[in-house]
Amino acid sequence: MILVTGGAGYIASHTCIELLQAGYEVLAIDNLSNASEESLNRVQQITGETLRFIKGDVRDAAVMKDIFEQHPIDAVIHFAGLKAVGESCAMPLEYYDNNLNSTLVLAQAMQAAKCKNLVFSSSATVYGDPSKLPLTEDMPLSATNPYGRSKLIIEQMLGDLPAADVLNKTAPWSIALLRYFNPVGAHPSGMIGEDPNDTPNNLMPFITQTAIGRRQQLAIFGNDYNTHDGTGVRDYIHVVDLAKGHLKAVEKLLSSEGIKGVQAYNLGTGNGISVLDMVKAFSKVNHVDVPYEIVPRRAGDVAACYADVSRAKKELNWQATQQLEDMVKDSWHWQSLNPKGYKS
Ligand code: NAD
Ligand code: UDP
């Protein structure tokens, strides 16, 4: 059985589909602070499989202890956390509390239960402002905001565990740090997708909400970067590809070869797409207009960020397959079937 923390969220719900379709039993825990249980109802409709759901907080040590005592958990995928960069600057203590304490409590419960297979949701943000592209996993790490710092601290904290196993002669941890680039898109059924609670911070939900008429126009943050058209360049990855990457990571952890200690993997496509490329592709594929204006740069944004994905290909036997056209088509399919997200 796989424990999925933050299981009702955007990336986790897509990952639950892949896990269920691959025959795993799934136990999801979520405090529903940024999600609706409806996403998991729909996961069950899509797959025709059932999963168990616990409404609870990963920081609650008693709840986590109970979970490991009552269920045969083979591995954990830890998605639960807060994720908005701007909000983290205004509420750093909430971010450190949620992201660090959830991981600490989870790891303690796992260690007590002798379940030491963990996949952690990290982020390309741990590379800070990159000096060289594409980004490989061994490049220097840094943080430019509290959200990124929380991910970096967690990576470092988990990085201390294998040495303790050697000292204590305990069974080894096996940990995959998955550094996501920019997840977009939705399940092709259009039944689950990204449903931000407030005004979206990320580009794609802002585009889809503008196209559906919930926002007047998209603000493009700067067209004076040193990129092919002046707008910011990112490595967008279809969420279904990303979800399949989690399945591969779990399979690797549970294989006889396993992962020795802690290993980081970039999950992206390796392609750099600009904001204008994205807007144009969205309009062309979906035949829908996205009004936009150019506004000044957003504080903290880097010009360009994209991955070298060769380690995940070699060691996890995983590679993104979906194209920009699939990403914009599926994002729009979800938004147009669910104009108000899960409240539709
Ligand atoms: P999301 O907000 O949809 O999912 C996170 C889920 O965790 C939500 O359902 C929320 O209700 C739940 N949660 C938060 N704190 C919790 C707690 N203490 N206990 C139980 N549940 C809790 O976000 P997402 O985009 O699916 O992101 C999932 C993970 O991936 C996060 O850790 C995020 O930092 C990381 N990540 C996301 C992106 C991205 O662009 N979406 C990029 C890189 C990394
Ligand atoms: N962006 C934009 N307008 C928006 C949101 C984002 O121009 O309303 C740009 C942003 O400056 C960056 C890219 O889109 O170049 C991706 O931003 P996002 O917040 O989605 O992800 P990030 O890479 O910052 O994590």
# chains A, B, ... in the order shown; residues from 1 in each chain; ligands from 1

$ closest_atom_pairs --of "chain A" --to "ligand 1" --cutoff "7 Å" --atoms "only C-alpha atoms and all ligand atoms" --output "JSON lines"
{"residue": "A:Thr5", "atom": "CA", "partner": "ligand 1", "partner_atom_place_in_ligand_line": "21 (N)", "distance": 6.1}
{"residue": "A:Gly6", "atom": "CA", "partner": "ligand 1", "partner_atom_place_in_ligand_line": "7 (O)", "distance": 3.3}
{"residue": "A:Gly7", "atom": "CA", "partner": "ligand 1", "partner_atom_place_in_ligand_line": "9 (O)", "distance": 6.0}
{"residue": "A:Ala8", "atom": "CA", "partner": "ligand 1", "partner_atom_place_in_ligand_line": "9 (O)", "distance": 4.6}
{"residue": "A:Gly9", "atom": "CA", "partner": "ligand 1", "partner_atom_place_in_ligand_line": "3 (O)", "distance": 3.4}
{"residue": "A:Tyr10", "atom": "CA", "partner": "ligand 1", "partner_atom_place_in_ligand_line": "26 (O)", "distance": 3.7}
{"residue": "A:Ile11", "atom": "CA", "partner": "ligand 1", "partner_atom_place_in_ligand_line": "26 (O)", "distance": 3.8}
{"residue": "A:Ala12", "atom": "CA", "partner": "ligand 1", "partner_atom_place_in_ligand_line": "26 (O)", "distance": 5.6}
{"residue": "A:Ile29", "atom": "CA", "partner": "ligand 1", "partner_atom_place_in_ligand_line": "20 (C)", "distance": 6.1}
{"residue": "A:Asp30", "atom": "CA", "partner": "ligand 1", "partner_atom_place_in_ligand_line": "21 (N)", "distance": 3.6}
{"residue": "A:Asn31", "atom": "CA", "partner": "ligand 1", "partner_atom_place_in_ligand_line": "21 (N)", "distance": 4.2}
{"residue": "A:Leu32", "atom": "CA", "partner": "ligand 1", "partner_atom_place_in_ligand_line": "11 (O)", "distance": 3.8}
{"residue": "A:Ser33", "atom": "CA", "partner": "ligand 1", "partner_atom_place_in_ligand_line": "11 (O)", "distance": 3.9}
{"residue": "A:Asn34", "atom": "CA", "partner": "ligand 1", "partner_atom_place_in_ligand_line": "11 (O)", "distance": 3.7}
{"residue": "A:Ala35", "atom": "CA", "partner": "ligand 1", "partner_atom_place_in_ligand_line": "9 (O)", "distance": 4.2}
{"residue": "A:Gly56", "atom": "CA", "partner": "ligand 1", "partner_atom_place_in_ligand_line": "20 (C)", "distance": 5.9}
{"residue": "A:Asp57", "atom": "CA", "partner": "ligand 1", "partner_atom_place_in_ligand_line": "19 (N)", "distance": 3.5}
{"residue": "A:Val58", "atom": "CA", "partner": "ligand 1", "partner_atom_place_in_ligand_line": "19 (N)", "distance": 4.1}
{"residue": "A:Arg59", "atom": "CA", "partner": "ligand 1", "partner_atom_place_in_ligand_line": "18 (N)", "distance": 5.5}
{"residue": "A:Phe79", "atom": "CA", "partner": "ligand 1", "partner_atom_place_in_ligand_line": "29 (C)", "distance": 4.2}
{"residue": "A:Ala80", "atom": "CA", "partner": "ligand 1", "partner_atom_place_in_ligand_line": "7 (O)", "distance": 3.5}
{"residue": "A:Gly81", "atom": "CA", "partner": "ligand 1", "partner_atom_place_in_ligand_line": "14 (C)", "distance": 4.0}
{"residue": "A:Leu82", "atom": "CA", "partner": "ligand 1", "partner_atom_place_in_ligand_line": "14 (C)", "distance": 5.5}
{"residue": "A:Lys83", "atom": "CA", "partner": "ligand 1", "partner_atom_place_in_ligand_line": "34 (O)", "distance": 4.2}
{"residue": "A:Asn98", "atom": "CA", "partner": "ligand 1", "partner_atom_place_in_ligand_line": "18 (N)", "distance": 5.3}
{"residue": "A:Ser102", "atom": "CA", "partner": "ligand 1", "partner_atom_place_in_ligand_line": "18 (N)", "distance": 5.6}
{"residue": "A:Ser121", "atom": "CA", "partner": "ligand 1", "partner_atom_place_in_ligand_line": "30 (O)", "distance": 4.8}
{"residue": "A:Ser122", "atom": "CA", "partner": "ligand 1", "partner_atom_place_in_ligand_line": "44 (C)", "distance": 5.2}
{"residue": "A:Ser123", "atom": "CA", "partner": "ligand 1", "partner_atom_place_in_ligand_line": "43 (C)", "distance": 4.0}
{"residue": "A:Ala124", "atom": "CA", "partner": "ligand 1", "partner_atom_place_in_ligand_line": "43 (C)", "distance": 6.5}
{"residue": "A:Arg179", "atom": "CA", "partner": "ligand 1", "partner_atom_place_in_ligand_line": "43 (C)", "distance": 6.6}
{"residue": "A:Tyr180", "atom": "CA", "partner": "ligand 1", "partner_atom_place_in_ligand_line": "43 (C)", "distance": 4.7}
{"residue": "A:Phe181", "atom": "CA", "partner": "ligand 1", "partner_atom_place_in_ligand_line": "42 (C)", "distance": 6.0}
{"residue": "A:Asn182", "atom": "CA", "partner": "ligand 1", "partner_atom_place_in_ligand_line": "40 (O)", "distance": 5.2}
{"residue": "A:Pro183", "atom": "CA", "partner": "ligand 1", "partner_atom_place_in_ligand_line": "40 (O)", "distance": 5.3}
{"residue": "A:Glu194", "atom": "CA", "partner": "ligand 1", "partner_atom_place_in_ligand_line": "3 (O)", "distance": 6.9}

$ write_last_selection --atoms "N, CA, C and O atoms" --output "short mmCIF file (atom, residue, chain, number, x, y, z; two decimals), in the first residue's frame"
data_model
loop_
_atom_site.label_atom_id
_atom_site.label_comp_id
_atom_site.auth_asym_id
_atom_site.auth_seq_id
_atom_site.Cartn_x
_atom_site.Cartn_y
_atom_site.Cartn_z
N THR A 5 0.52 11.61 0.86
CA THR A 5 0.15 12.77 1.69
C THR A 5 -0.21 13.94 0.77
O THR A 5 0.35 14.07 -0.32
N GLY A 6 -1.15 14.76 1.21
CA GLY A 6 -1.64 15.83 0.33
C GLY A 6 -2.36 15.22 -0.86
O GLY A 6 -2.37 15.79 -1.96
N GLY A 7 -2.98 14.05 -0.62
CA GLY A 7 -3.47 13.20 -1.70
C GLY A 7 -4.56 13.80 -2.56
O GLY A 7 -4.76 13.36 -3.70
N ALA A 8 -5.30 14.80 -2.04
CA ALA A 8 -6.40 15.37 -2.84
C ALA A 8 -5.93 16.51 -3.74
O ALA A 8 -6.71 17.06 -4.52
N GLY A 9 -4.66 16.89 -3.63
CA GLY A 9 -4.14 18.04 -4.38
C GLY A 9 -3.96 17.76 -5.86
O GLY A 9 -4.23 16.66 -6.36
N TYR A 10 -3.48 18.78 -6.54
CA TYR A 10 -3.37 18.76 -8.01
C TYR A 10 -2.48 17.61 -8.51
O TYR A 10 -2.93 16.72 -9.24
N ILE A 11 -1.23 17.62 -8.11
CA ILE A 11 -0.31 16.60 -8.65
C ILE A 11 -0.61 15.24 -8.03
O ILE A 11 -0.58 14.20 -8.70
N ALA A 12 -0.95 15.24 -6.73
CA ALA A 12 -1.22 13.98 -6.04
C ALA A 12 -2.41 13.24 -6.63
O ALA A 12 -2.38 12.02 -6.79
N ILE A 29 -3.97 10.94 2.57
CA ILE A 29 -4.30 11.83 3.70
C ILE A 29 -4.18 13.26 3.21
O ILE A 29 -3.25 13.60 2.47
N ASP A 30 -5.15 14.09 3.63
CA ASP A 30 -5.12 15.50 3.23
C ASP A 30 -5.91 16.27 4.27
O ASP A 30 -6.96 15.79 4.74
N ASN A 31 -5.45 17.47 4.62
CA ASN A 31 -6.25 18.29 5.55
C ASN A 31 -7.23 19.19 4.80
O ASN A 31 -7.93 19.99 5.41
N LEU A 32 -7.25 19.06 3.48
CA LEU A 32 -8.16 19.81 2.59
C LEU A 32 -7.98 21.32 2.72
O LEU A 32 -8.90 22.08 2.43
N SER A 33 -6.78 21.77 3.12
CA SER A 33 -6.54 23.21 3.21
C SER A 33 -6.46 23.84 1.83
O SER A 33 -6.72 25.02 1.67
N ASN A 34 -6.08 23.06 0.82
CA ASN A 34 -6.02 23.62 -0.53
C ASN A 34 -6.57 22.62 -1.55
O ASN A 34 -6.05 22.52 -2.66
N ALA A 35 -7.58 21.87 -1.16
CA ALA A 35 -8.10 20.87 -2.08
C ALA A 35 -9.52 20.51 -1.67
O ALA A 35 -9.98 20.88 -0.59
N GLY A 56 -6.98 14.54 7.52
CA GLY A 56 -6.12 14.76 8.68
C GLY A 56 -4.90 15.55 8.29
O GLY A 56 -4.64 15.80 7.10
N ASP A 57 -4.14 15.95 9.31
CA ASP A 57 -2.96 16.78 9.09
C ASP A 57 -1.71 15.95 9.31
O ASP A 57 -1.60 15.25 10.33
N VAL A 58 -0.78 16.03 8.39
CA VAL A 58 0.44 15.22 8.48
C VAL A 58 1.28 15.65 9.69
O VAL A 58 2.12 14.88 10.17
N ARG A 59 1.05 16.85 10.19
CA ARG A 59 1.81 17.29 11.37
C ARG A 59 1.29 16.66 12.66
O ARG A 59 1.88 16.85 13.72
N PHE A 79 3.45 14.72 -0.76
CA PHE A 79 3.10 15.93 -1.51
C PHE A 79 2.66 17.07 -0.58
O PHE A 79 2.67 18.22 -0.99
N ALA A 80 2.17 16.73 0.62
CA ALA A 80 1.51 17.74 1.46
C ALA A 80 2.44 18.91 1.72
O ALA A 80 3.61 18.73 2.06
N GLY A 81 1.90 20.11 1.59
CA GLY A 81 2.70 21.29 1.87
C GLY A 81 2.03 22.52 1.29
O GLY A 81 1.04 22.42 0.56
N LEU A 82 2.59 23.67 1.64
CA LEU A 82 2.13 24.94 1.07
C LEU A 82 3.10 25.30 -0.05
O LEU A 82 4.30 25.03 0.05
N LYS A 83 2.59 25.96 -1.12
CA LYS A 83 3.43 26.04 -2.32
C LYS A 83 3.49 27.39 -3.03
O LYS A 83 4.05 27.47 -4.12
N ASN A 98 4.38 24.30 8.27
CA ASN A 98 3.70 23.25 7.52
C ASN A 98 4.71 22.35 6.80
O ASN A 98 4.69 21.12 6.95
N SER A 102 5.60 18.88 8.78
CA SER A 102 4.93 17.71 8.19
C SER A 102 5.97 16.66 7.81
O SER A 102 5.78 15.47 8.06
N SER A 121 8.24 15.53 -2.78
CA SER A 121 7.94 16.57 -3.79
C SER A 121 8.86 17.75 -3.58
O SER A 121 8.58 18.64 -2.78
N SER A 122 9.95 17.79 -4.32
CA SER A 122 10.80 18.97 -4.27
C SER A 122 10.51 19.81 -5.50
O SER A 122 9.50 19.61 -6.18
N SER A 123 11.39 20.75 -5.79
CA SER A 123 11.05 21.72 -6.82
C SER A 123 12.31 22.25 -7.48
O SER A 123 13.37 22.33 -6.83
N ALA A 124 12.17 22.70 -8.72
CA ALA A 124 13.30 23.34 -9.41
C ALA A 124 13.71 24.62 -8.70
O ALA A 124 14.82 25.14 -8.94
N ARG A 179 12.50 16.77 -8.23
CA ARG A 179 12.49 18.24 -8.43
C ARG A 179 11.65 18.54 -9.66
O ARG A 179 12.10 18.37 -10.80
N TYR A 180 10.40 18.99 -9.39
CA TYR A 180 9.49 19.27 -10.51
C TYR A 180 9.86 20.60 -11.14
O TYR A 180 10.15 21.57 -10.44
N PHE A 181 9.70 20.66 -12.45
CA PHE A 181 9.80 21.94 -13.13
C PHE A 181 8.38 22.56 -13.13
O PHE A 181 7.82 22.70 -12.06
N ASN A 182 7.78 22.92 -14.24
CA ASN A 182 6.49 23.63 -14.14
C ASN A 182 5.32 22.73 -14.58
O ASN A 182 5.03 22.64 -15.77
N PRO A 183 4.61 22.11 -13.62
CA PRO A 183 3.51 21.22 -13.98
C PRO A 183 2.31 22.01 -14.51
O PRO A 183 1.90 23.01 -13.92
N GLU A 194 -6.14 21.39 -12.09
CA GLU A 194 -5.67 22.35 -11.09
C GLU A 194 -6.81 23.31 -10.74
O GLU A 194 -7.44 23.87 -11.62
#

$ closest_atom_pairs --of "stretch 212-254 of chain A" --to "stretch 289-296 of chain A" --cutoff "9 Å" --atoms "only C-alpha atoms" --output "CSV"
residue,atom,partner,partner_atom,distance
A:Gln216,CA,A:Pro291,CA,7.5
A:Gln217,CA,A:Pro291,CA,5.0
A:Leu218,CA,A:Tyr292,CA,4.5
A:Ala219,CA,A:Glu293,CA,5.3
A:Ile220,CA,A:Ile294,CA,4.8
A:Phe221,CA,A:Val295,CA,5.3
A:Gly222,CA,A:Pro296,CA,4.9
A:Asn223,CA,A:Ile294,CA,6.9
A:Asp224,CA,A:Pro296,CA,9.0

$ write_last_selection --atoms "C-alpha atoms" --output "tab-separated table (two decimals), in the first residue's frame"
chain	number	residue	atom	x	y	z
A	216	GLN	CA	-10.12	40.23	-17.74
A	217	GLN	CA	-6.62	39.78	-19.04
A	218	LEU	CA	-3.33	38.06	-18.38
A	219	ALA	CA	-0.47	40.20	-17.11
A	220	ILE	CA	2.79	39.06	-18.69
A	221	PHE	CA	5.57	39.83	-16.25
A	222	GLY	CA	8.26	41.46	-18.38
A	223	ASN	CA	9.32	41.23	-22.04
A	224	ASP	CA	12.87	42.48	-21.53

$ residues_near_ligand --ligand "ligand 2" --cutoff "7 Å" --atoms "only C-alpha atoms and all ligand atoms" --output "JSON, numbers by chain"
{"A": [182, 201, 202, 203, 204, 206, 218, 219, 220, 221, 222, 231, 232, 233, 234, 275, 297, 298, 301, 303]}

$ select_by_dssp --residues "stretch 112-192 of chain A" --states "strand (DSSP E or B)" --output "number ranges by chain"
A: 117-123, 127, 135, 142, 174-180, 182-184

$ write_last_selection --atoms "N, CA and C atoms" --output "PDB file, in the first residue's frame"
ATOM      1  N   ASN A 117      10.901   3.944   2.679  1.00  0.00           N
ATOM      2  CA  ASN A 117      10.863   4.270   1.248  1.00  0.00           C
ATOM      3  C   ASN A 117      10.042   5.534   1.047  1.00  0.00           C
ATOM      4  N   LEU A 118      10.712   6.594   0.600  1.00  0.00           N
ATOM      5  CA  LEU A 118      10.035   7.893   0.527  1.00  0.00           C
ATOM      6  C   LEU A 118      10.308   8.593  -0.801  1.00  0.00           C
ATOM      7  N   VAL A 119       9.222   9.119  -1.374  1.00  0.00           N
ATOM      8  CA  VAL A 119       9.343  10.021  -2.536  1.00  0.00           C
ATOM      9  C   VAL A 119       8.927  11.400  -2.047  1.00  0.00           C
ATOM     10  N   PHE A 120       9.792  12.383  -2.243  1.00  0.00           N
ATOM     11  CA  PHE A 120       9.489  13.727  -1.744  1.00  0.00           C
ATOM     12  C   PHE A 120       9.297  14.705  -2.904  1.00  0.00           C
ATOM     13  N   SER A 121       8.236  15.532  -2.783  1.00  0.00           N
ATOM     14  CA  SER A 121       7.936  16.573  -3.789  1.00  0.00           C
ATOM     15  C   SER A 121       8.858  17.753  -3.581  1.00  0.00           C
ATOM     16  N   SER A 122       9.954  17.790  -4.321  1.00  0.00           N
ATOM     17  CA  SER A 122      10.802  18.970  -4.268  1.00  0.00           C
ATOM     18  C   SER A 122      10.511  19.813  -5.501  1.00  0.00           C
ATOM     19  N   SER A 123      11.388  20.747  -5.789  1.00  0.00           N
ATOM     20  CA  SER A 123      11.047  21.721  -6.821  1.00  0.00           C
ATOM     21  C   SER A 123      12.309  22.255  -7.476  1.00  0.00           C
ATOM     22  N   TYR A 127      17.221  25.287  -7.160  1.00  0.00           N
ATOM     23  CA  TYR A 127      18.415  25.722  -7.915  1.00  0.00           C
ATOM     24  C   TYR A 127      18.619  27.236  -7.833  1.00  0.00           C
ATOM     25  N   LEU A 135      19.712  22.602 -16.217  1.00  0.00           N
ATOM     26  CA  LEU A 135      20.071  22.307 -14.833  1.00  0.00           C
ATOM     27  C   LEU A 135      20.272  20.809 -14.622  1.00  0.00           C
ATOM     28  N   SER A 142      20.345  26.763  -3.901  1.00  0.00           N
ATOM     29  CA  SER A 142      20.153  27.939  -3.046  1.00  0.00           C
ATOM     30  C   SER A 142      18.667  28.276  -3.040  1.00  0.00           C
ATOM     31  N   SER A 174      15.590   4.871   1.732  1.00  0.00           N
ATOM     32  CA  SER A 174      15.628   4.935   0.268  1.00  0.00           C
ATOM     33  C   SER A 174      14.739   6.118  -0.119  1.00  0.00           C
ATOM     34  N   ILE A 175      15.363   7.198  -0.585  1.00  0.00           N
ATOM     35  CA  ILE A 175      14.596   8.445  -0.766  1.00  0.00           C
ATOM     36  C   ILE A 175      14.830   9.036  -2.155  1.00  0.00           C
ATOM     37  N   ALA A 176      13.742   9.293  -2.858  1.00  0.00           N
ATOM     38  CA  ALA A 176      13.830   9.994  -4.150  1.00  0.00           C
ATOM     39  C   ALA A 176      13.323  11.420  -3.966  1.00  0.00           C
ATOM     40  N   LEU A 177      14.211  12.388  -4.245  1.00  0.00           N
ATOM     41  CA  LEU A 177      13.800  13.793  -4.217  1.00  0.00           C
ATOM     42  C   LEU A 177      13.426  14.161  -5.643  1.00  0.00           C
ATOM     43  N   LEU A 178      12.148  14.386  -5.889  1.00  0.00           N
ATOM     44  CA  LEU A 178      11.727  14.699  -7.262  1.00  0.00           C
ATOM     45  C   LEU A 178      11.615  16.220  -7.400  1.00  0.00           C
ATOM     46  N   ARG A 179      12.495  16.773  -8.231  1.00  0.00           N
ATOM     47  CA  ARG A 179      12.488  18.236  -8.432  1.00  0.00           C
ATOM     48  C   ARG A 179      11.649  18.540  -9.661  1.00  0.00           C
ATOM     49  N   TYR A 180      10.402  18.992  -9.394  1.00  0.00           N
ATOM     50  CA  TYR A 180       9.490  19.266 -10.512  1.00  0.00           C
ATOM     51  C   TYR A 180       9.863  20.596 -11.140  1.00  0.00           C
ATOM     52  N   ASN A 182       7.778  22.919 -14.237  1.00  0.00           N
ATOM     53  CA  ASN A 182       6.486  23.625 -14.137  1.00  0.00           C
ATOM     54  C   ASN A 182       5.319  22.733 -14.576  1.00  0.00           C
ATOM     55  N   PRO A 183       4.610  22.112 -13.617  1.00  0.00           N
ATOM     56  CA  PRO A 183       3.507  21.221 -13.980  1.00  0.00           C
ATOM     57  C   PRO A 183       2.306  22.008 -14.515  1.00  0.00           C
ATOM     58  N   VAL A 184       1.759  21.557 -15.623  1.00  0.00           N
ATOM     59  CA  VAL A 184       0.544  22.144 -16.214  1.00  0.00           C
ATOM     60  C   VAL A 184      -0.291  20.995 -16.775  1.00  0.00           C
TER      61      VAL A 184
END

$ select_by_dssp --residues "stretch 118-270 of chain A" --states "helix (DSSP H, G or I)" --output "number ranges by chain"
A: 124-126, 146-159, 161-168, 203-211, 239-254

$ closest_atom_pairs --of "stretch 123-204 of chain A" --to "stretch 86-93 of chain A" --cutoff "8 Å" --atoms "only C-alpha atoms" --output "JSON lines"
{"residue": "A:Asn145", "atom": "CA", "partner": "A:Cys89", "partner_atom": "CA", "distance": 6.4}
{"residue": "A:Pro146", "atom": "CA", "partner": "A:Ser88", "partner_atom": "CA", "distance": 5.5}
{"residue": "A:Tyr147", "atom": "CA", "partner": "A:Ser88", "partner_atom": "CA", "distance": 5.4}

$ write_last_selection --atoms "all heavy atoms" --output "PDB file, in the first residue's frame"
ATOM      1  N   ASN A 145      13.492  32.488  -1.588  1.00  0.00           N
ATOM      2  CA  ASN A 145      12.277  32.852  -0.835  1.00  0.00           C
ATOM      3  C   ASN A 145      11.993  31.745   0.190  1.00  0.00           C
ATOM      4  O   ASN A 145      12.549  30.645   0.088  1.00  0.00           O
ATOM      5  CB  ASN A 145      11.095  33.040  -1.799  1.00  0.00           C
ATOM      6  CG  ASN A 145      10.886  31.803  -2.653  1.00  0.00           C
ATOM      7  OD1 ASN A 145      10.473  30.759  -2.156  1.00  0.00           O
ATOM      8  ND2 ASN A 145      11.214  31.904  -3.937  1.00  0.00           N
ATOM      9  N   PRO A 146      11.115  32.025   1.181  1.00  0.00           N
ATOM     10  CA  PRO A 146      10.874  31.024   2.239  1.00  0.00           C
ATOM     11  C   PRO A 146      10.344  29.692   1.720  1.00  0.00           C
ATOM     12  O   PRO A 146      10.721  28.629   2.231  1.00  0.00           O
ATOM     13  CB  PRO A 146       9.851  31.714   3.145  1.00  0.00           C
ATOM     14  CG  PRO A 146      10.107  33.167   2.939  1.00  0.00           C
ATOM     15  CD  PRO A 146      10.479  33.322   1.491  1.00  0.00           C
ATOM     16  N   TYR A 147       9.495  29.707   0.692  1.00  0.00           N
ATOM     17  CA  TYR A 147       9.001  28.429   0.133  1.00  0.00           C
ATOM     18  C   TYR A 147      10.184  27.594  -0.367  1.00  0.00           C
ATOM     19  O   TYR A 147      10.328  26.417  -0.001  1.00  0.00           O
ATOM     20  CB  TYR A 147       8.020  28.701  -1.018  1.00  0.00           C
ATOM     21  CG  TYR A 147       7.749  27.473  -1.853  1.00  0.00           C
ATOM     22  CD1 TYR A 147       7.021  26.408  -1.346  1.00  0.00           C
ATOM     23  CD2 TYR A 147       8.242  27.369  -3.171  1.00  0.00           C
ATOM     24  CE1 TYR A 147       6.779  25.267  -2.108  1.00  0.00           C
ATOM     25  CE2 TYR A 147       8.005  26.241  -3.939  1.00  0.00           C
ATOM     26  CZ  TYR A 147       7.281  25.199  -3.400  1.00  0.00           C
ATOM     27  OH  TYR A 147       7.056  24.067  -4.155  1.00  0.00           O
TER      28      TYR A 147
END

$ residues_around --residues "A:Lys248" --least-positions-apart "5" --cutoff "12 Å" --atoms "only C-alpha atoms" --output "number ranges by chain"
A: 15, 18-19, 22, 77, 119, 176, 178, 241-243, 253-255, 258-259, 265, 267, 312-320

$ closest_residue --among "A:Pro140, A:Pro172, A:Pro134, A:Gly48" --to "A:Gly261" --atoms "only C-alpha atoms"
A:Pro172

$ closest_residue --among "A:Thr136, A:Asn338, A:Asn99, A:Ser36" --to "A:Gly270" --atoms "only C-alpha atoms"
A:Thr136

$ residues_around --residues "A:Leu27" --least-positions-apart "3" --cutoff "10 Å" --atoms "only C-alpha atoms" --output "PyMOL selection string"
chain A and resi 1-5+7+16+24+50-54+67+71+73+76

$ residues_around --residues "A:Gly148" --least-positions-apart "3" --cutoff "6 Å" --atoms "only C-alpha atoms" --output "number ranges by chain"
A: 125-126, 143, 145, 151

$ write_last_selection --atoms "N, CA and C atoms" --output "mmCIF file, in the first residue's frame"
data_model
loop_
_atom_site.group_PDB
_atom_site.id
_atom_site.type_symbol
_atom_site.label_atom_id
_atom_site.label_comp_id
_atom_site.auth_asym_id
_atom_site.auth_seq_id
_atom_site.Cartn_x
_atom_site.Cartn_y
_atom_site.Cartn_z
ATOM 1 N N THR A 125 12.866 25.107 -7.811
ATOM 2 C CA THR A 125 13.208 26.333 -7.081
ATOM 3 C C THR A 125 14.473 26.153 -6.225
ATOM 4 N N VAL A 126 14.840 24.897 -5.910
ATOM 5 C CA VAL A 126 16.048 24.696 -5.086
ATOM 6 C C VAL A 126 17.330 25.052 -5.854
ATOM 7 N N ALA A 143 18.299 29.220 -2.198
ATOM 8 C CA ALA A 143 16.880 29.579 -2.124
ATOM 9 C C ALA A 143 16.739 31.082 -2.193
ATOM 10 N N ASN A 145 13.492 32.488 -1.588
ATOM 11 C CA ASN A 145 12.277 32.852 -0.835
ATOM 12 C C ASN A 145 11.993 31.745 0.190
ATOM 13 N N LYS A 151 11.910 23.877 1.001
ATOM 14 C CA LYS A 151 12.207 22.673 0.205
ATOM 15 C C LYS A 151 13.685 22.306 0.337
#

$ atom_distance --atom1 "atom CA of A:Leu152" --atom2 "atom CA of A:Pro130"
14.9 Å

$ residues_around --residues "A:Cys115" --least-positions-apart "3" --cutoff "7 Å" --atoms "only C-alpha atoms" --output "PyMOL selection string"
chain A and resi 73-75+110-111

$ atom_distance --atom1 "atom CA of A:Arg215" --atom2 "atom CA of A:Cys305"
26.9 Å

$ closest_residue --among "A:Glu94, A:Glu325, A:Asp198, A:Glu257" --to "A:Ala281" --atoms "only C-alpha atoms"
A:Glu325

$ residues_around --residues "A:Glu49" --least-positions-apart "2" --cutoff "10 Å" --atoms "only C-alpha atoms" --output "ChimeraX atom specification"
/A:17,20-21,23,25-26,43-47,51
